[in-house]
Number of protein chains: 2
Amino acid sequence: MTTTQLISEIQKKQSFLCIGLDVDLNKIPQHLLKEEDPIFAFNKAVIDATHHLCVAYKPNTAFYEAYGIKGWKALEKTIKYLNDKHPEIFTIADAKRGDIGNTSTMYAKAFFEDLAFDSVTVAPYMGKDSVEPFLAFENKHTILLALTSNQGAFDFQTKTVDGKELYKQVLETSKTWKNAHNLMYVVGATKAEYLADIRKIIPDSFLLVPGVGAQGGNLQEVCKYGMNTNVSLLINSSRGIIYASNGEDFAQVAASKAKELQEEMQVILTQ
Amino acid sequence: MTTTQLISEIQKKQSFLCIGLDVDLNKIPQHLLKEEDPIFAFNKAVIDATHHLCVAYKPNTAFYEAYGIKGWKALEKTIKYLNDKHPEIFTIADAKRGDIGNTSTMYAKAFFEDLAFDSVTVAPYMGKDSVEPFLAFENKHTILLALTSNQGAFDFQTKTVDGKELYKQVLETSKTWKNAHNLMYVVGATKAEYLADIRKIIPDSFLLVPGVGAQGGNLQEVCKYGMNTNVSLLINSSRGIIYASNGEDFAQVAASKAKELQEEMQVILTQ
């Protein structure tokens with residue numbers, strides 16, 4: 001998917017919501033455990049109930065790997081279902097990968113070609129030659145970790161490197177990499193005030209913003225500092241939507257939680 | 001496996017060699033493609049031929065994920081084969097994972113419990129709460145990326161943060177984390193002269209050293225600067241061993257390449 005198509009979907013749906021599909025078998029409604037593939041059954045129900053309210057879905061690969069072959073199959077079925085039924089939806093493999101060149105190419109093939117995700121999250125620690133293999137895929141998007149939403153972000157990311165915080169060095173350096181136009185960035189919502197500075201460095205790039213809701217981030221604040229004329233934000237919510245109910249009504253409750261966020265976004269978009 | 005057991009194996013085998021099982025179907029002997037599971041067939045042949053010469057095996061997960069379910073099954077079979085037949089061998093999932101707390105716990109379970117690896121490689125960018133969930137597993141080992149062997153290591157890892165290179169900050173900060181005794185570190189062999197400084201910060205920790213051979217690192221140099229009284233080094237070689245021949249004799253040639261390194265190590269250990 002191109003960014004132009006994504007921007008157009010955001011306008012059409014009046015939403016820049018991304019729903020995190022982080023399926024934990026201990027948290028999903030227990031009646032689903034009777035299904036042949038409970039993980040996929042859960043995802044399918046959530047997708048069927050919410051696809052008109054969001055522009056992106058983001059399965060975090062950890063939750064699938066934790067269930068081995070069964071989990072990997074559920075991930076394959078989920079992305080195939082999305083690509084078949086809702087090709088207009090932007091898909092994110094939240095995998096936080098990154099390795100030396102030839103190995104990153106293997107990861108890129110796994111997520112962009114075999115699984116056919118539109119994007120994958122990548123960690124910057126290993127530098128240019130660990131990220132460029134992902135960037136080589138045209139109309140695929142590499143979402144680089146810049147400033148994450150967890151407490152540990154302050155261990156290294158906000159430390160000063162040659163007069164500038166590490167996450168800003170990551171933003172600036174990454175702009176010089178080959179095919180940098182295929183980059184997006186993860187910026188945590190719990191640090192909304194940082195977004196003004198971030199926009200000075202990368203005014204045009206899409207930002208994937210986790211941490212709204214369960215982790216305490218504020219949507220209004222994020223939009224105030226992070227939105228540009230193309231919106232260029234994807235606000236992720238996982239637990240606040242998918243685990244809002246663990247009864248038989250879980251999908252409807254997920255839809256109503258997604259609807260609340262979509263309506264809040266619509267107000268912001270029409271301001 | 002405990003580090004005491006690993007140290008004892010190193011003394012017994014007079015080897016601190018780790019063999020990287022990075023299986024690329026385009027590079028393995030083509031007669032194996034007729035096998036039901038070519039990836040596992042390749043790994044089994046390499047393991048059968050080399051297990052007495054090395055103390056560790058390190059499959060890089062990228063090479064398995066690139067083949068989807070088929071790849072994941074081959075990884076499961078490989079680790080099961082190692083744990084069943086050679087429980088004395090230290091196993092490393094080279095996965096370079098790392099995510100917010102509850103998600104890192106899912107990754108830790110995937111690699112330490114379900115797949116039953118002894119260790120997993122983890123990226124430090126997201127800080128303390130992304131790594132401590134791995135460290136919570138006793139007698140399992142979290143191998144933190146410090147200084148990697150690729151060119152991109154110079155993008156961020158060697159930049160100065162508060163008066164000290166980032167990789168040194170990572171080493172020092174990680175020592176303060178809960179269950180830090182379960183940490184090991186990745187330090188690339190292409191920068192052997194850095195090892196003297198690294199040993200000042202972490203004199204006792206095991207170091208996993210990639211980059212000997214194909215990437216140009218020198219074994220003698222690495223040992224000169226990086227070895228301590230317990231050795232505490234695992235020198236990884238992947239392509240230089242497993243792809244030394246792509247004929248029907250690949251396993252024997254792999255064994256002879258491994259033997260060369262083991263003999264070089266034996267000389268160093270008896271100096």
# chains A, B, ... in the order shown; residues from 1 in each chain; ligands from 1
>>> interface_residues(of="chain A", to="chain B", cutoff="6 Å", atoms="only C-alpha atoms", output="list in words")
Ala62, Glu65, Ala66, Met106, Tyr107, Ala110, Met126, Gly127, Lys128, Asp129, Gly152, Ala153, Asp155, Thr160 and Val161 of chain A
>>> residues_around(residues="Leu208 of chain A", least_positions_apart="2", cutoff="6 Å", atoms="only C-alpha atoms", output="mmCIF file with all heavy atoms, in the first residue's frame")
data_model
loop_
_atom_site.group_PDB
_atom_site.id
_atom_site.type_symbol
_atom_site.label_atom_id
_atom_site.label_comp_id
_atom_site.auth_asym_id
_atom_site.auth_seq_id
_atom_site.Cartn_x
_atom_site.Cartn_y
_atom_site.Cartn_z
ATOM 1 N N TYR A 185 7.902 5.977 11.722
ATOM 2 C CA TYR A 185 8.573 5.923 13.030
ATOM 3 C C TYR A 185 7.605 5.595 14.158
ATOM 4 O O TYR A 185 6.451 6.030 14.136
ATOM 5 C CB TYR A 185 9.248 7.268 13.332
ATOM 6 C CG TYR A 185 10.320 7.624 12.330
ATOM 7 C CD1 TYR A 185 10.016 8.388 11.193
ATOM 8 C CD2 TYR A 185 11.628 7.175 12.493
ATOM 9 C CE1 TYR A 185 10.990 8.692 10.248
ATOM 10 C CE2 TYR A 185 12.612 7.483 11.554
ATOM 11 C CZ TYR A 185 12.291 8.239 10.433
ATOM 12 O OH TYR A 185 13.250 8.535 9.501
ATOM 13 N N VAL A 186 8.102 4.853 15.142
ATOM 14 C CA VAL A 186 7.342 4.629 16.380
ATOM 15 C C VAL A 186 7.681 5.750 17.363
ATOM 16 O O VAL A 186 8.857 5.964 17.686
ATOM 17 C CB VAL A 186 7.713 3.270 17.026
ATOM 18 C CG1 VAL A 186 7.060 3.138 18.411
ATOM 19 C CG2 VAL A 186 7.300 2.112 16.133
ATOM 20 N N LEU A 234 -0.760 7.293 13.040
ATOM 21 C CA LEU A 234 -1.545 6.081 13.297
ATOM 22 C C LEU A 234 -1.509 5.885 14.801
ATOM 23 O O LEU A 234 -0.431 5.699 15.383
ATOM 24 C CB LEU A 234 -0.935 4.866 12.595
ATOM 25 C CG LEU A 234 -0.992 4.866 11.070
ATOM 26 C CD1 LEU A 234 -0.152 3.717 10.513
ATOM 27 C CD2 LEU A 234 -2.440 4.745 10.582
#
>>> calpha_fit_and_write(fixed="chain A", moving="chain B", output="short mmCIF file (atom, residue, chain, number, x, y, z; two decimals) with C-alpha atoms, in the first residue's frame")
data_model
loop_
_atom_site.label_atom_id
_atom_site.label_comp_id
_atom_site.auth_asym_id
_atom_site.auth_seq_id
_atom_site.Cartn_x
_atom_site.Cartn_y
_atom_site.Cartn_z
CA MET B 1 0.01 -0.01 -0.02
CA THR B 2 1.25 3.49 -0.78
CA THR B 3 1.15 6.30 1.78
CA THR B 4 -1.18 8.15 -0.60
CA GLN B 5 -3.67 5.30 -0.31
CA LEU B 6 -3.33 5.29 3.46
CA ILE B 7 -3.93 9.05 3.64
CA SER B 8 -7.00 8.64 1.45
CA GLU B 9 -8.38 5.88 3.73
CA ILE B 10 -7.87 8.12 6.76
CA GLN B 11 -9.95 10.85 5.10
CA LYS B 12 -12.61 8.39 3.96
CA LYS B 13 -13.04 6.71 7.35
CA GLN B 14 -12.34 9.87 9.37
CA SER B 15 -10.10 7.69 11.48
CA PHE B 16 -6.40 7.16 12.02
CA LEU B 17 -6.93 4.34 14.46
CA CYS B 18 -4.73 1.24 14.46
CA ILE B 19 -5.94 -1.76 16.46
CA GLY B 20 -3.28 -3.95 18.07
CA LEU B 21 -4.08 -7.64 17.74
CA ASP B 22 -2.08 -8.91 20.73
CA VAL B 23 -3.88 -12.14 21.46
CA ASP B 24 -3.25 -13.71 24.85
CA LEU B 25 -5.18 -16.96 25.36
CA ASN B 26 -5.46 -16.15 29.07
CA LYS B 27 -7.31 -12.93 28.32
CA ILE B 28 -9.70 -13.80 25.49
CA PRO B 29 -13.28 -14.92 26.18
CA GLN B 30 -13.06 -18.47 27.39
CA HIS B 31 -15.83 -19.77 25.10
CA LEU B 32 -13.42 -19.20 22.17
CA LEU B 33 -11.04 -21.84 23.50
CA LYS B 34 -13.41 -24.48 22.11
CA GLU B 35 -12.72 -23.21 18.58
CA GLU B 36 -10.25 -25.07 16.39
CA ASP B 37 -8.09 -21.92 16.19
CA PRO B 38 -9.04 -19.64 19.11
CA ILE B 39 -6.48 -16.97 18.19
CA PHE B 40 -7.79 -16.57 14.65
CA ALA B 41 -11.40 -16.83 15.82
CA PHE B 42 -10.75 -13.94 18.20
CA ASN B 43 -9.00 -11.84 15.54
CA LYS B 44 -11.68 -12.51 12.92
CA ALA B 45 -14.45 -11.44 15.30
CA VAL B 46 -12.57 -8.25 16.23
CA ILE B 47 -11.80 -7.46 12.57
CA ASP B 48 -15.38 -8.11 11.45
CA ALA B 49 -16.68 -5.78 14.17
CA THR B 50 -14.14 -2.95 13.83
CA HIS B 51 -12.74 -2.78 10.27
CA HIS B 52 -14.90 0.22 9.30
CA LEU B 53 -13.61 2.20 12.30
CA CYS B 54 -9.85 1.81 11.85
CA VAL B 55 -7.31 2.11 9.05
CA ALA B 56 -4.72 -0.35 10.36
CA TYR B 57 -4.25 -3.56 12.32
CA LYS B 58 -1.05 -4.40 14.16
CA PRO B 59 -0.45 -7.95 15.39
CA ASN B 60 2.57 -8.06 17.71
CA THR B 61 4.53 -11.16 16.69
CA ALA B 62 5.50 -12.01 20.30
CA PHE B 63 1.96 -13.09 21.05
CA TYR B 64 1.96 -15.49 18.10
CA GLU B 65 5.47 -16.88 18.59
CA ALA B 66 4.57 -17.67 22.19
CA TYR B 67 2.20 -20.33 20.84
CA GLY B 68 4.71 -21.89 18.44
CA ILE B 69 3.43 -23.41 15.19
CA LYS B 70 -0.17 -22.89 16.30
CA GLY B 71 0.52 -19.19 16.82
CA TRP B 72 2.38 -18.77 13.55
CA LYS B 73 -0.52 -20.42 11.68
CA ALA B 74 -2.97 -18.04 13.37
CA LEU B 75 -0.80 -15.09 12.29
CA GLU B 76 -0.75 -16.36 8.69
CA LYS B 77 -4.52 -16.80 8.70
CA THR B 78 -5.05 -13.35 10.20
CA ILE B 79 -2.94 -11.49 7.64
CA LYS B 80 -4.45 -13.53 4.80
CA TYR B 81 -7.96 -12.73 6.04
CA LEU B 82 -7.09 -9.03 6.18
CA ASN B 83 -5.49 -9.00 2.73
CA ASP B 84 -8.38 -10.95 1.16
CA LYS B 85 -11.32 -9.24 2.83
CA HIS B 86 -9.96 -5.76 3.57
CA PRO B 87 -7.10 -4.95 1.19
CA GLU B 88 -7.67 -1.24 1.89
CA ILE B 89 -6.45 -1.73 5.47
CA PHE B 90 -2.81 -1.03 6.34
CA THR B 91 -1.17 -3.98 8.08
CA ILE B 92 1.73 -3.74 10.53
CA ALA B 93 3.83 -6.67 11.74
CA ASP B 94 4.98 -5.38 15.10
CA ALA B 95 8.12 -7.49 15.17
CA LYS B 96 10.88 -5.05 16.20
CA ARG B 97 13.41 -6.94 14.11
CA GLY B 98 16.89 -5.91 12.98
CA ASP B 99 20.06 -7.83 12.20
CA ILE B 100 23.13 -7.71 9.95
CA GLY B 101 22.40 -7.08 6.27
CA ASN B 102 21.77 -10.51 4.76
CA THR B 103 19.78 -11.55 7.83
CA SER B 104 17.58 -8.45 7.74
CA THR B 105 16.84 -9.33 4.13
CA MET B 106 15.49 -12.69 5.34
CA TYR B 107 13.25 -10.93 7.88
CA ALA B 108 12.08 -8.46 5.22
CA LYS B 109 11.13 -11.33 2.91
CA ALA B 110 9.32 -13.11 5.75
CA PHE B 111 7.14 -10.12 6.56
CA PHE B 112 6.80 -8.28 3.23
CA GLU B 113 6.68 -11.20 0.79
CA ASP B 114 5.61 -14.43 2.51
CA LEU B 115 3.19 -12.90 5.02
CA ALA B 116 2.47 -9.89 2.76
CA PHE B 117 2.31 -7.27 5.50
CA ASP B 118 2.40 -3.63 4.38
CA SER B 119 4.91 -2.74 7.08
CA VAL B 120 7.14 -4.05 9.85
CA THR B 121 8.60 -2.41 12.97
CA VAL B 122 12.41 -2.42 13.14
CA ALA B 123 14.89 -1.59 15.93
CA PRO B 124 17.64 0.93 15.07
CA TYR B 125 20.48 -0.20 17.36
CA MET B 126 22.46 -2.01 14.65
CA GLY B 127 22.35 0.97 12.28
CA LYS B 128 22.10 1.60 8.56
CA ASP B 129 22.95 -1.81 7.09
CA SER B 130 20.46 -3.51 9.41
CA VAL B 131 17.59 -1.27 8.24
CA GLU B 132 18.28 -0.61 4.55
CA PRO B 133 17.44 -4.22 3.54
CA PHE B 134 13.88 -3.51 4.71
CA LEU B 135 13.79 -0.13 2.93
CA ALA B 136 14.63 -1.79 -0.39
CA PHE B 137 11.04 -3.04 -0.70
CA GLU B 138 9.03 -0.41 -2.57
CA ASN B 139 5.50 0.37 -1.31
CA LYS B 140 6.38 -1.49 1.87
CA HIS B 141 7.04 0.51 5.02
CA THR B 142 9.72 0.19 7.66
CA ILE B 143 8.56 1.60 10.97
CA LEU B 144 11.70 2.44 12.92
CA LEU B 145 11.65 2.59 16.72
CA ALA B 146 12.54 6.15 17.69
CA LEU B 147 11.00 6.97 21.08
CA THR B 148 9.07 4.11 22.63
CA SER B 149 6.26 4.40 25.17
CA ASN B 150 7.81 2.38 28.01
CA GLN B 151 9.78 3.54 31.04
CA GLY B 152 12.96 1.98 29.63
CA ALA B 153 12.90 4.57 26.83
CA PHE B 154 14.70 6.85 29.29
CA ASP B 155 17.60 4.40 29.70
CA PHE B 156 19.17 5.13 26.31
CA GLN B 157 16.76 6.81 23.86
CA THR B 158 16.62 10.15 25.66
CA LYS B 159 20.31 10.23 26.60
CA THR B 160 22.36 12.94 24.93
CA VAL B 161 24.56 11.80 22.05
CA ASP B 162 26.87 14.40 20.53
CA GLY B 163 24.68 17.18 21.91
CA LYS B 164 21.36 15.65 20.89
CA GLU B 165 19.10 12.92 22.32
CA LEU B 166 19.69 9.46 20.88
CA TYR B 167 16.16 9.22 19.45
CA LYS B 168 16.75 12.48 17.55
CA GLN B 169 20.05 11.10 16.25
CA VAL B 170 18.13 8.04 15.07
CA LEU B 171 15.58 10.24 13.27
CA GLU B 172 18.23 12.45 11.62
CA THR B 173 20.60 9.65 10.67
CA SER B 174 17.83 7.47 9.25
CA LYS B 175 16.81 10.28 6.88
CA THR B 176 20.14 9.83 5.08
CA TRP B 177 19.61 6.10 4.41
CA LYS B 178 18.80 4.73 0.98
CA ASN B 179 15.05 4.68 0.26
CA ALA B 180 14.38 6.67 3.43
CA HIS B 181 11.02 7.62 1.89
CA ASN B 182 9.86 4.15 2.96
CA LEU B 183 10.42 5.00 6.64
CA MET B 184 7.79 5.59 9.29
CA TYR B 185 8.57 5.93 13.02
CA VAL B 186 7.34 4.64 16.37
CA VAL B 187 6.84 7.49 18.82
CA GLY B 188 5.18 6.76 22.16
CA ALA B 189 2.13 8.78 23.16
CA THR B 190 3.22 8.99 26.77
CA LYS B 191 5.68 11.67 25.69
CA ALA B 192 3.40 13.84 23.53
CA GLU B 193 5.34 17.02 24.24
CA TYR B 194 8.35 15.51 22.44
CA LEU B 195 6.31 15.39 19.23
CA ALA B 196 6.82 19.08 18.42
CA ASP B 197 10.59 18.56 18.30
CA ILE B 198 10.18 15.32 16.37
CA ARG B 199 8.07 17.05 13.72
CA LYS B 200 10.88 19.58 13.19
CA ILE B 201 13.12 16.69 12.12
CA ILE B 202 10.60 14.58 10.21
CA PRO B 203 7.71 16.87 9.23
CA ASP B 204 6.25 14.53 6.61
CA SER B 205 6.71 10.98 7.92
CA PHE B 206 3.97 8.82 9.31
CA LEU B 207 4.22 8.18 13.05
CA LEU B 208 2.90 5.04 14.69
CA VAL B 209 1.89 6.09 18.19
CA PRO B 210 1.39 3.41 20.82
CA GLY B 211 0.52 4.15 24.42
CA VAL B 212 -2.84 5.89 24.04
CA GLY B 213 -5.20 4.41 26.61
CA ALA B 214 -3.73 1.57 28.68
CA GLN B 215 -0.33 3.27 28.88
CA GLY B 216 -1.78 6.69 29.72
CA GLY B 217 -1.22 8.74 26.57
CA ASN B 218 -3.63 11.47 25.56
CA LEU B 219 -5.07 11.63 22.02
CA GLN B 220 -5.68 15.39 21.96
CA GLU B 221 -2.11 16.11 23.02
CA VAL B 222 -0.64 13.73 20.48
CA CYS B 223 -2.62 15.34 17.66
CA LYS B 224 -1.82 18.86 18.81
CA TYR B 225 1.91 18.25 18.52
CA GLY B 226 2.16 15.39 16.03
CA MET B 227 -0.40 15.90 13.27
CA ASN B 228 0.54 17.42 9.91
CA THR B 229 -1.58 18.43 6.90
CA ASN B 230 -1.81 14.78 5.78
CA VAL B 231 -2.55 13.70 9.37
CA SER B 232 0.40 11.23 9.17
CA LEU B 233 -0.47 9.61 12.48
CA LEU B 234 -1.55 6.09 13.29
CA ILE B 235 -2.75 5.89 16.87
CA ASN B 236 -2.57 2.38 18.21
CA SER B 237 -4.79 0.93 20.88
CA SER B 238 -4.61 -2.74 21.80
CA ARG B 239 -5.78 -3.81 25.25
CA GLY B 240 -8.21 -0.88 25.62
CA ILE B 241 -10.17 -2.20 22.64
CA ILE B 242 -9.71 -5.93 22.29
CA TYR B 243 -9.95 -6.76 26.00
CA ALA B 244 -12.66 -4.24 26.90
CA SER B 245 -14.93 -7.22 27.55
CA ASN B 246 -14.09 -10.87 27.92
CA GLY B 247 -17.69 -12.00 27.68
CA GLU B 248 -19.55 -13.28 24.63
CA ASP B 249 -20.10 -9.64 23.65
CA PHE B 250 -16.35 -8.94 23.33
CA ALA B 251 -16.48 -8.00 19.63
CA GLN B 252 -19.38 -5.57 20.04
CA VAL B 253 -17.69 -3.96 23.06
CA ALA B 254 -14.43 -3.73 21.08
CA ALA B 255 -16.38 -2.01 18.31
CA SER B 256 -17.94 0.47 20.72
CA LYS B 257 -14.50 1.31 22.20
CA ALA B 258 -13.09 1.72 18.68
CA LYS B 259 -16.07 3.88 17.77
CA GLU B 260 -15.37 6.18 20.74
CA LEU B 261 -11.82 6.73 19.51
CA GLN B 262 -12.91 7.12 15.87
CA GLU B 263 -15.45 9.76 16.87
CA GLU B 264 -12.84 11.61 18.90
CA MET B 265 -10.59 11.49 15.82
CA GLN B 266 -13.36 12.74 13.56
CA VAL B 267 -13.83 15.78 15.79
CA ILE B 268 -10.10 16.49 15.60
CA LEU B 269 -10.04 16.02 11.80
CA THR B 270 -12.91 18.46 11.27
CA GLN B 271 -11.57 21.15 13.61
#
>>> select_by_dssp(residues="segment 124-166 of chain B", states="strand (DSSP E or B)", output="list in words")
His141, Thr142, Ile143, Leu144, Leu145, Ala146, Leu147, Thr160, Val161, Lys164 and Glu165 of chain B
>>> select_by_dssp(residues="segment 65-191 of chain A", states="helix (DSSP H, G or I)", output="VMD selection string")
chain A and resid 65 68 to 85 101 to 114 128 to 135 153 to 156 166 to 174 180 to 182 189 to 191
